[in-house]
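S.K.: Dropping in query-v3.cif, which is mmCIF, C-alpha atoms:
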data_data
loop_
_atom_site.label_atom_id
_atom_site.label_comp_id
_atom_site.auth_asym_id
_atom_site.auth_seq_id
_atom_site.Cartn_x
_atom_site.Cartn_y
_atom_site.Cartn_z
CA MET A 288 141.25 133.92 75.25
CA GLN A 289 137.91 135.15 76.59
CA ARG A 290 137.45 138.51 78.20
CA TYR A 291 134.70 140.86 79.30
CA VAL A 292 134.70 144.42 77.98
CA LEU A 293 132.55 147.49 78.53
CA GLY A 294 129.96 148.04 75.82
CA GLN A 295 129.54 151.13 73.68
CA ALA A 296 127.10 152.54 76.25
CA PRO A 297 127.26 152.33 80.05
CA GLY A 298 125.30 149.67 81.87
CA ILE A 299 125.48 146.12 83.19
CA ASP A 300 123.43 144.86 80.26
CA GLN A 301 126.06 146.28 77.89
CA LEU A 302 128.88 144.20 79.41
CA ARG A 303 130.17 141.94 76.62
CA LEU A 304 132.02 138.60 76.67
CA GLU A 305 134.26 138.28 73.62
CA GLU A 306 137.05 136.20 72.11
CA ALA A 307 140.38 137.97 71.76
CA SER A 308 143.95 137.24 70.76
CA GLU A 309 146.49 136.41 73.46
CA THR A 310 148.35 139.41 74.89
CA GLU A 311 152.05 139.56 74.07
CA LEU A 312 154.12 138.42 77.06
CA GLY A 313 157.11 140.76 77.03
CA MET A 314 160.39 140.34 78.89
CA ASP A 315 158.99 141.24 82.33
CA GLY A 316 155.52 139.82 81.74
CA VAL A 317 153.73 137.08 83.67
CA ARG A 318 150.89 135.21 81.98
CA VAL A 319 148.25 134.13 84.47
CA GLU A 320 145.42 131.68 83.97
CA MET A 321 142.71 133.30 86.08
CA ARG A 322 140.67 131.26 88.55
CA ALA A 323 138.74 133.80 90.62
CA TRP A 324 137.78 137.47 90.77
CA SER A 325 135.97 139.71 93.25
CA LEU A 326 133.83 142.79 92.78
CA ASN A 327 134.17 146.18 94.42
CA TYR A 328 131.65 149.02 94.37
CA ARG A 329 134.11 150.94 92.25
CA ASP A 330 133.84 148.23 89.56
CA LEU A 331 130.06 148.67 89.46
CA MET A 332 130.53 152.42 89.02
CA VAL A 333 132.97 151.80 86.14
CA VAL A 334 130.48 149.55 84.35
CA LYS A 335 127.64 152.03 84.88
CA GLY A 336 129.77 154.98 83.73
CA THR A 337 129.62 156.88 87.03
CA TYR A 338 133.26 156.51 88.09
CA GLY A 339 135.61 159.43 87.56
CA GLY A 340 133.39 161.11 84.98
CA ARG A 341 134.86 159.07 82.12
CA TYR A 342 133.50 155.96 80.42
CA GLN A 343 135.82 153.81 78.29
CA PRO A 344 134.09 151.46 75.81
CA GLY A 345 136.12 148.30 75.28
CA LEU A 346 137.84 148.48 78.68
CA ILE A 347 138.34 145.17 80.52
CA PRO A 348 136.84 145.76 84.00
CA LEU A 349 137.85 144.62 87.50
CA SER A 350 140.98 145.10 89.55
CA ASP A 351 140.84 142.01 91.75
CA GLY A 352 141.78 138.56 90.55
CA VAL A 353 143.74 135.43 91.39
CA GLY A 354 145.21 132.82 89.10
CA HIS A 355 148.06 130.42 88.40
CA VAL A 356 151.19 131.44 86.51
CA ILE A 357 151.45 129.60 83.18
CA GLU A 358 154.28 131.55 81.49
CA VAL A 359 156.95 134.09 82.47
CA GLY A 360 159.11 136.49 80.50
CA SER A 361 162.86 136.16 80.15
CA THR A 362 163.73 138.67 82.89
CA VAL A 363 161.14 137.55 85.47
CA THR A 364 162.64 136.44 88.80
CA ARG A 365 159.82 136.86 91.35
CA PHE A 366 157.52 134.15 89.96
CA LYS A 367 157.66 130.76 88.30
CA VAL A 368 155.15 128.60 86.44
CA GLY A 369 152.63 127.14 88.88
CA ASP A 370 152.72 129.98 91.42
CA ARG A 371 149.39 131.31 92.70
CA VAL A 372 149.28 135.08 92.32
CA ALA A 373 146.96 138.03 92.82
CA SER A 374 146.81 141.28 90.89
CA CYS A 375 147.74 144.55 92.59
CA PHE A 376 145.04 147.23 92.36
CA PHE A 377 147.60 149.79 91.20
CA ARG A 378 149.81 147.96 88.73
CA ASP A 379 152.79 150.29 89.23
CA TRP A 380 152.48 151.34 92.89
CA ILE A 381 155.18 149.23 94.49
CA GLU A 382 156.07 151.30 97.55
CA GLY A 383 156.21 154.82 98.93
CA PRO A 384 153.46 157.44 98.54
CA LEU A 385 150.85 157.40 95.80
CA THR A 386 151.71 159.74 92.92
CA PRO A 387 149.73 160.91 89.88
CA VAL A 388 151.73 158.54 87.65
CA LYS A 389 151.08 155.54 89.88
CA ALA A 390 147.41 156.45 90.26
CA LYS A 391 146.88 156.19 86.51
CA THR A 392 147.73 152.47 86.63
CA ALA A 393 144.62 151.31 88.52
CA LEU A 394 143.43 148.06 86.92
CA GLY A 395 139.99 148.25 85.36
CA GLY A 396 140.19 152.05 85.29
CA GLY A 397 143.36 153.72 84.10
CA VAL A 398 144.59 150.49 82.47
CA PRO A 399 142.82 147.26 81.38
CA GLY A 400 141.51 145.10 84.19
CA VAL A 401 141.55 141.37 84.83
CA LEU A 402 138.08 140.00 84.00
CA ALA A 403 139.49 137.60 81.41
CA ASP A 404 140.41 133.92 81.48
CA ARG A 405 144.09 134.81 80.91
CA VAL A 406 145.90 138.06 81.59
CA VAL A 407 149.46 139.35 81.29
CA LEU A 408 150.82 141.68 83.97
CA PRO A 409 154.36 142.87 84.71
CA GLU A 410 155.93 140.95 87.57
CA HIS A 411 156.00 144.06 89.75
CA GLY A 412 152.18 144.20 89.57
CA LEU A 413 151.56 140.82 91.19
CA VAL A 414 151.94 139.22 94.63
CA HIS A 415 152.00 135.65 95.89
CA VAL A 416 148.76 134.79 97.69
CA PRO A 417 148.58 133.36 101.23
CA GLU A 418 148.81 129.58 101.20
CA SER A 419 146.08 129.41 103.84
CA LEU A 420 143.47 130.89 101.49
CA SER A 421 141.62 129.39 98.54
CA ASP A 422 141.68 131.15 95.19
CA LEU A 423 138.18 132.46 95.90
CA GLU A 424 139.21 133.89 99.27
CA ALA A 425 142.45 135.37 97.96
CA ALA A 426 140.58 137.12 95.14
CA THR A 427 138.89 139.35 97.73
CA LEU A 428 142.17 140.95 98.85
CA PRO A 429 143.63 143.36 96.22
CA CYS A 430 141.25 146.28 96.78
CA ALA A 431 139.10 145.77 99.89
CA GLY A 432 141.73 143.90 101.89
CA VAL A 433 144.57 146.31 101.18
CA THR A 434 142.28 149.29 101.79
CA ALA A 435 141.31 147.94 105.22
CA TRP A 436 144.93 147.14 106.06
CA ASN A 437 146.15 150.59 105.02
CA ALA A 438 143.36 152.29 106.98
CA LEU A 439 143.75 150.36 110.23
CA ILE A 440 147.39 149.30 110.42
CA ASP A 441 149.51 151.70 108.37
CA THR A 442 147.47 154.89 108.82
CA ALA A 443 145.71 154.57 112.20
CA VAL A 444 148.45 152.32 113.67
CA LEU A 445 145.80 150.27 115.44
CA ARG A 446 146.85 148.81 118.79
CA PRO A 447 145.42 146.07 121.04
CA GLY A 448 142.52 147.26 123.16
CA GLN A 449 141.54 150.14 120.90
CA THR A 450 138.06 150.52 119.46
CA VAL A 451 137.01 150.58 115.82
CA LEU A 452 133.70 151.67 114.27
CA LEU A 453 132.85 150.05 110.94
CA GLN A 454 130.00 151.12 108.68
CA GLY A 455 127.95 148.47 106.93
CA THR A 456 128.79 144.87 106.11
CA GLY A 457 130.26 145.20 102.63
CA GLY A 458 133.67 144.10 101.39
CA VAL A 459 135.95 146.63 103.10
CA SER A 460 134.09 146.53 106.41
CA MET A 461 134.22 142.74 106.62
CA GLN A 462 137.92 142.72 105.72
CA ALA A 463 138.48 145.40 108.35
CA LEU A 464 136.62 143.32 110.95
CA GLY A 465 139.03 140.42 110.49
CA ILE A 466 142.11 142.64 110.55
CA ALA A 467 140.93 144.61 113.59
CA LYS A 468 140.21 141.45 115.58
CA ALA A 469 143.62 140.02 114.69
CA ALA A 470 145.18 143.26 115.96
CA GLY A 471 143.41 142.86 119.32
CA ALA A 472 140.92 145.69 118.83
CA ARG A 473 137.24 145.82 119.81
CA VAL A 474 134.77 146.48 117.01
CA MET A 475 131.34 148.11 116.67
CA ILE A 476 129.57 147.74 113.34
CA THR A 477 126.49 149.43 111.84
CA SER A 478 123.91 148.07 109.42
CA SER A 479 120.23 148.41 108.58
CA SER A 480 119.80 144.63 108.82
CA ASN A 481 119.54 142.86 112.16
CA GLU A 482 120.32 139.59 110.39
CA LYS A 483 123.59 140.98 109.07
CA LEU A 484 124.44 142.42 112.47
CA GLU A 485 123.95 139.02 114.06
CA ARG A 486 126.33 137.50 111.51
CA ALA A 487 128.86 140.25 112.28
CA LYS A 488 128.67 139.32 115.96
CA GLN A 489 129.39 135.71 115.08
CA LEU A 490 132.52 136.93 113.27
CA GLY A 491 133.76 138.80 116.33
CA ALA A 492 132.07 142.22 116.49
CA GLU A 493 131.54 143.13 120.17
CA ALA A 494 128.84 145.73 119.50
CA THR A 495 126.31 146.40 116.76
CA VAL A 496 123.78 149.10 115.99
CA ASN A 497 120.92 149.18 113.48
CA TYR A 498 121.06 152.69 112.05
CA ARG A 499 117.44 152.49 110.87
CA GLU A 500 116.23 151.74 114.38
CA GLN A 501 118.80 153.99 116.05
CA PRO A 502 119.67 156.87 113.68
CA GLU A 503 121.91 158.53 116.26
CA TRP A 504 124.48 155.74 116.14
CA ASP A 505 127.20 158.18 117.12
CA ARG A 506 125.61 158.28 120.58
CA ALA A 507 125.58 154.49 120.67
CA ALA A 508 129.32 154.54 119.95
CA TYR A 509 129.89 156.93 122.83
CA GLU A 510 127.86 154.81 125.20
CA TRP A 511 129.70 151.66 124.11
CA THR A 512 133.05 153.28 124.88
CA GLY A 513 131.93 154.67 128.21
CA GLY A 514 131.79 158.25 126.94
CA ARG A 515 135.32 158.17 125.53
CA GLY A 516 134.57 157.77 121.82
CA VAL A 517 136.07 155.31 119.35
CA ASP A 518 139.70 155.35 118.32
CA VAL A 519 139.19 154.65 114.62
CA VAL A 520 136.29 155.02 112.17
CA VAL A 521 136.41 153.41 108.73
CA GLU A 522 134.23 155.86 106.84
CA VAL A 523 132.45 154.49 103.76
CA GLY A 524 129.30 156.60 103.69
CA GLY A 525 130.34 160.16 102.97
CA ALA A 526 127.83 163.00 103.18
CA ASP A 527 125.28 161.32 105.45
CA THR A 528 127.69 159.59 107.82
CA LEU A 529 130.84 161.71 108.14
CA PRO A 530 129.38 164.24 110.64
CA LYS A 531 128.32 161.40 112.94
CA SER A 532 131.68 159.71 112.50
CA LEU A 533 133.38 162.88 113.74
CA ARG A 534 131.05 163.08 116.73
CA SER A 535 131.68 159.42 117.62
CA LEU A 536 135.47 159.85 117.62
CA THR A 537 137.68 160.10 120.70
CA TYR A 538 140.31 162.79 121.22
CA GLY A 539 143.29 162.07 118.97
CA GLY A 540 141.24 159.56 117.00
CA ASN A 541 141.44 158.68 113.32
CA ILE A 542 138.88 158.67 110.53
CA ALA A 543 139.89 156.72 107.42
CA VAL A 544 137.76 157.92 104.51
CA ILE A 545 137.50 155.16 101.93
CA GLY A 546 134.14 155.79 100.23
CA VAL A 547 131.28 158.19 99.61
CA LEU A 548 128.30 155.87 99.13
CA THR A 549 125.81 158.52 100.33
CA GLY A 550 127.36 161.46 98.49
CA ALA A 551 130.52 163.52 98.41
CA ASN A 552 129.51 166.89 99.90
CA PRO A 553 128.92 166.50 103.64
CA GLU A 554 128.00 169.31 106.00
CA MET A 555 131.12 168.85 108.10
CA PRO A 556 131.18 169.91 111.77
CA LEU A 557 134.77 171.15 111.63
CA PRO A 558 134.96 172.04 115.34
CA TYR A 559 134.85 168.33 116.15
CA LEU A 560 137.90 167.77 113.96
CA PHE A 561 140.24 170.36 115.45
CA SER A 562 138.87 170.44 119.00
CA LYS A 563 139.47 166.68 119.34
CA ASN A 564 142.91 166.89 117.71
CA ALA A 565 141.56 164.26 115.33
CA ARG A 566 142.95 163.10 112.00
CA MET A 567 141.01 162.40 108.83
CA THR A 568 142.84 160.65 106.01
CA GLY A 569 141.74 159.60 102.56
CA ILE A 570 142.60 155.98 101.78
CA TYR A 571 142.94 154.89 98.14
CA VAL A 572 143.80 151.19 98.47
CA GLY A 573 147.59 150.81 98.94
CA SER A 574 150.94 149.72 97.54
CA ARG A 575 152.30 146.29 96.67
CA LEU A 576 154.47 146.33 99.79
CA GLN A 577 151.40 146.94 101.93
CA PHE A 578 149.64 144.07 100.14
CA GLU A 579 152.55 141.76 100.92
CA ALA A 580 152.65 142.84 104.58
CA MET A 581 148.92 142.16 104.89
CA ASN A 582 149.36 138.70 103.38
CA ARG A 583 151.96 137.84 105.99
CA ALA A 584 149.55 138.92 108.72
CA ILE A 585 146.77 136.85 107.15
CA GLU A 586 148.98 133.76 107.25
CA GLN A 587 150.17 134.34 110.81
CA ASN A 588 146.75 135.20 112.26
CA LYS A 589 144.64 132.83 110.12
CA ILE A 590 142.36 135.64 108.92
CA ARG A 591 139.62 134.37 106.58
CA PRO A 592 137.85 136.76 104.18
CA VAL A 593 134.06 136.69 104.17
CA ILE A 594 132.48 135.61 100.87
CA ASP A 595 128.84 136.44 100.25
CA ARG A 596 128.15 134.56 97.03
CA VAL A 597 130.03 132.92 94.14
CA PHE A 598 129.04 133.37 90.47
CA GLU A 599 130.40 131.49 87.48
CA PHE A 600 132.53 133.34 84.90
CA GLU A 601 129.63 133.25 82.42
CA GLU A 602 127.41 134.89 85.07
CA ALA A 603 129.53 138.02 85.54
CA ALA A 604 126.62 140.35 84.72
CA ASP A 605 124.55 138.69 87.45
CA ALA A 606 127.38 139.29 89.91
CA PHE A 607 127.25 143.02 89.08
CA ARG A 608 123.47 143.01 89.53
CA HIS A 609 123.89 141.39 92.94
CA MET A 610 126.38 144.12 93.86
CA GLU A 611 123.88 146.73 92.66
CA SER A 612 121.17 145.29 94.91
CA GLY A 613 123.23 146.07 98.02
CA SER A 614 122.09 142.86 99.69
CA HIS A 615 125.54 141.27 99.97
CA PHE A 616 127.43 140.51 103.19
CA GLY A 617 131.16 140.55 102.54
CA LYS A 618 132.60 139.98 99.07
CA ILE A 619 130.97 138.91 95.79
CA VAL A 620 133.22 136.49 93.90
CA ILE A 621 133.34 135.17 90.34
CA SER A 622 134.87 131.74 89.73
CA ARG A 623 135.92 129.69 86.72
CA LYS A 624 135.64 126.43 88.65
CA GLY A 625 132.73 126.98 90.99
CA PRO A 626 132.60 127.33 94.79
CA GLU A 627 134.98 124.39 95.42
CA ALA A 628 137.86 125.86 93.40
CA LYS A 629 141.19 126.04 95.25
#
Could you render the structure as structure tokens?
M.R.:
Amino acid sequence: MQRYVLGQAPGIDQLRLEEASETELGMDGVRVEMRAWSLNYRDLMVVKGTYGGRYQPGLIPLSDGVGHVIEVGSTVTRFKVGDRVASCFFRDWIEGPLTPVKAKTALGGGVPGVLADRVVLPEHGLVHVPESLSDLEAATLPCAGVTAWNALIDTAVLRPGQTVLLQGTGGVSMQALGIAKAAGARVMITSSSNEKLERAKQLGAEATVNYREQPEWDRAAYEWTGGRGVDVVVEVGGADTLPKSLRSLTYGGNIAVIGVLTGANPEMPLPYLFSKNARMTGIYVGSRLQFEAMNRAIEQNKIRPVIDRVFEFEEAADAFRHMESGSHFGKIVISRKGPEAK
């Protein structure tokens, strides 16, 4: 089998493709021939050695992948040869709250990831993928899709007619746009690119704001909602954006904190939090049951993930460089069969 591993030193240029022996199957194991993968910002941080303060040479990176089952262990009942499956971000988080033990099973972090042509995972760490999606589309779901679902549906309990503010046009925000529209919500999205904002409008965003041209985008959110404020903010920025997110929020609104791209130590205007009776919740992806619920909604509502660009398996380092550039719109995908792969 072929697999990518982290080099002895951090860095994209140190990422190494190597030949390795097949992993032992085990009684509850499922061997998957991988077809597609997607990148998250967290994966870039792992490769560069800036995630969690710990770098692991030899680790197989990536949490998100889709493939076809080619072998199952003797006790496996949930899958059969030929099934299309996706990896769960947390291998052992099946349901209930996240615990320290479950958190240590994040693929491509606490345990080996899936950037290999064949992987073995326990059956409880996989889900069937929506039939309506290609392998490339389904590969975008395990981290960004589940994060968006958890933030909007399970945590904020988004309802038709409510308003959502999304920051940027990366993987989570584009997944959240599709989920929010399917839920009947109205969406405002921010970006520094007018071209990307126009594309977001074409995908259903009712309002957009260029934060370079209009730095006080929290005021724009208030104006858009008629002075009420938005019901939900999906917060990806951190230090530079969280204060404005709080100011843009309505009374009783929700902020789902899923990233800290601009830093982790914001100057937080706490009065906005308690005076608005608002809620701020950290979102760290989600469980397998949440993944499966999202997949049912994707099928029923015909939600299509947004793919920015597809790289071949041998071009994985270039995919990471593209992620590093920050120029992507939606998800960056790696494929073993090219853009036409099912």
S.K.: For Met321 of chain A, which residue among A:Phe376, A:Pro348, A:Ala584, A:His355 is the nearest when counting only C-alpha atoms?
M.R.: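 Result for the nearest residue to Met321 of chain A: A:His355.
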S.K.: So how many Å separate atom CA of Phe607 of chain A and atom CA of Gln301 of chain A, to one decimal?
M.R.: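 Taking atom CA of Phe607 of chain A as the start and atom CA of Gln301 of chain A as the end point, the length is 11.7 Å.
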S.K.: In terms of the shortest atom-to-atom distance over only C-alpha atoms, which of A:Val359, A:Leu428, A:Val388, A:Met581 is closest to Ile440 of chain A?
M.R.: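 The shortest atom-to-atom distance to Ile440 of chain A comes from A:Met581.
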S.K.: I'd like to know which of A:Leu529, A:Ile570, A:Val459, A:Leu439 is closest to Ala472 of chain A, using only C-alpha atoms.
M.R.: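 Looking at the shortest contact to Ala472 of chain A, the residue is A:Leu439.
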S.K.: I'd like the residues picked by the PyMOL selection byres ((chain A and resi 521) around 8) written out as a PyMOL selection string, using the chain letters and numbers from the file.
M.R.: chain A and resi 438+451-454+460+519-520+522-523+542-545
S.K.: Per residue of segment 394-425 of chain A within 12 Å of segment 311-319 of chain A, record the nearest atom pair and its distance in Å to one decimal, counting all atoms listed in the file, with rows in chain order and ascending residue number, as a Markdown table.
M.R.:
| residue | atom | partner | partner_atom | distance |
| --- | --- | --- | --- | --- |
| A:Val401 | CA | A:Val319 | CA | 9.9 |
| A:Leu402 | CA | A:Val319 | CA | 11.8 |
| A:Ala403 | CA | A:Val319 | CA | 9.9 |
| A:Asp404 | CA | A:Val319 | CA | 8.4 |
| A:Arg405 | CA | A:Val319 | CA | 5.5 |
| A:Val406 | CA | A:Val319 | CA | 5.4 |
| A:Val407 | CA | A:Arg318 | CA | 4.4 |
| A:Leu408 | CA | A:Val317 | CA | 5.5 |
| A:Pro409 | CA | A:Gly316 | CA | 4.4 |
| A:Glu410 | CA | A:Val317 | CA | 5.9 |
| A:His411 | CA | A:Asp315 | CA | 8.5 |
| A:Gly412 | CA | A:Val317 | CA | 9.4 |
| A:Leu413 | CA | A:Val317 | CA | 8.7 |
| A:Val414 | CA | A:Val317 | CA | 11.3 |
S.K.: If you measure from atom CA of Leu560 of chain A to atom CA of Val517 of chain A, what distance in Å do you get, rounded to one decimal?
M.R.: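 Computing it gives 13.7 Å between the two atoms.
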S.K.: Written as a list in words, which residues does the PyMOL selection byres ((chain A and resi 611-615) around 10) give for the file shown?
M.R.: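 Output from the PyMOL selection byres ((chain A and resi 611-615) around 10), applied to this file: Ile299, Tyr328, Leu331, Met332, Thr456, Gly457, Gly458, Ser480, Lys483, Ile594, Asp595, Arg596, Asp605, Ala606, Phe607, Arg608, His609, Met610, Phe616, Gly617, Lys618 and Ile619 of chain A.
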S.K.: Quick one: distance from atom CA of Glu309 of chain A to atom CA of Val356 of chain A in Å, one decimal?
M.R.: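 Pair atom CA of Glu309 of chain A / atom CA of Val356 of chain A returns 14.7 Å.
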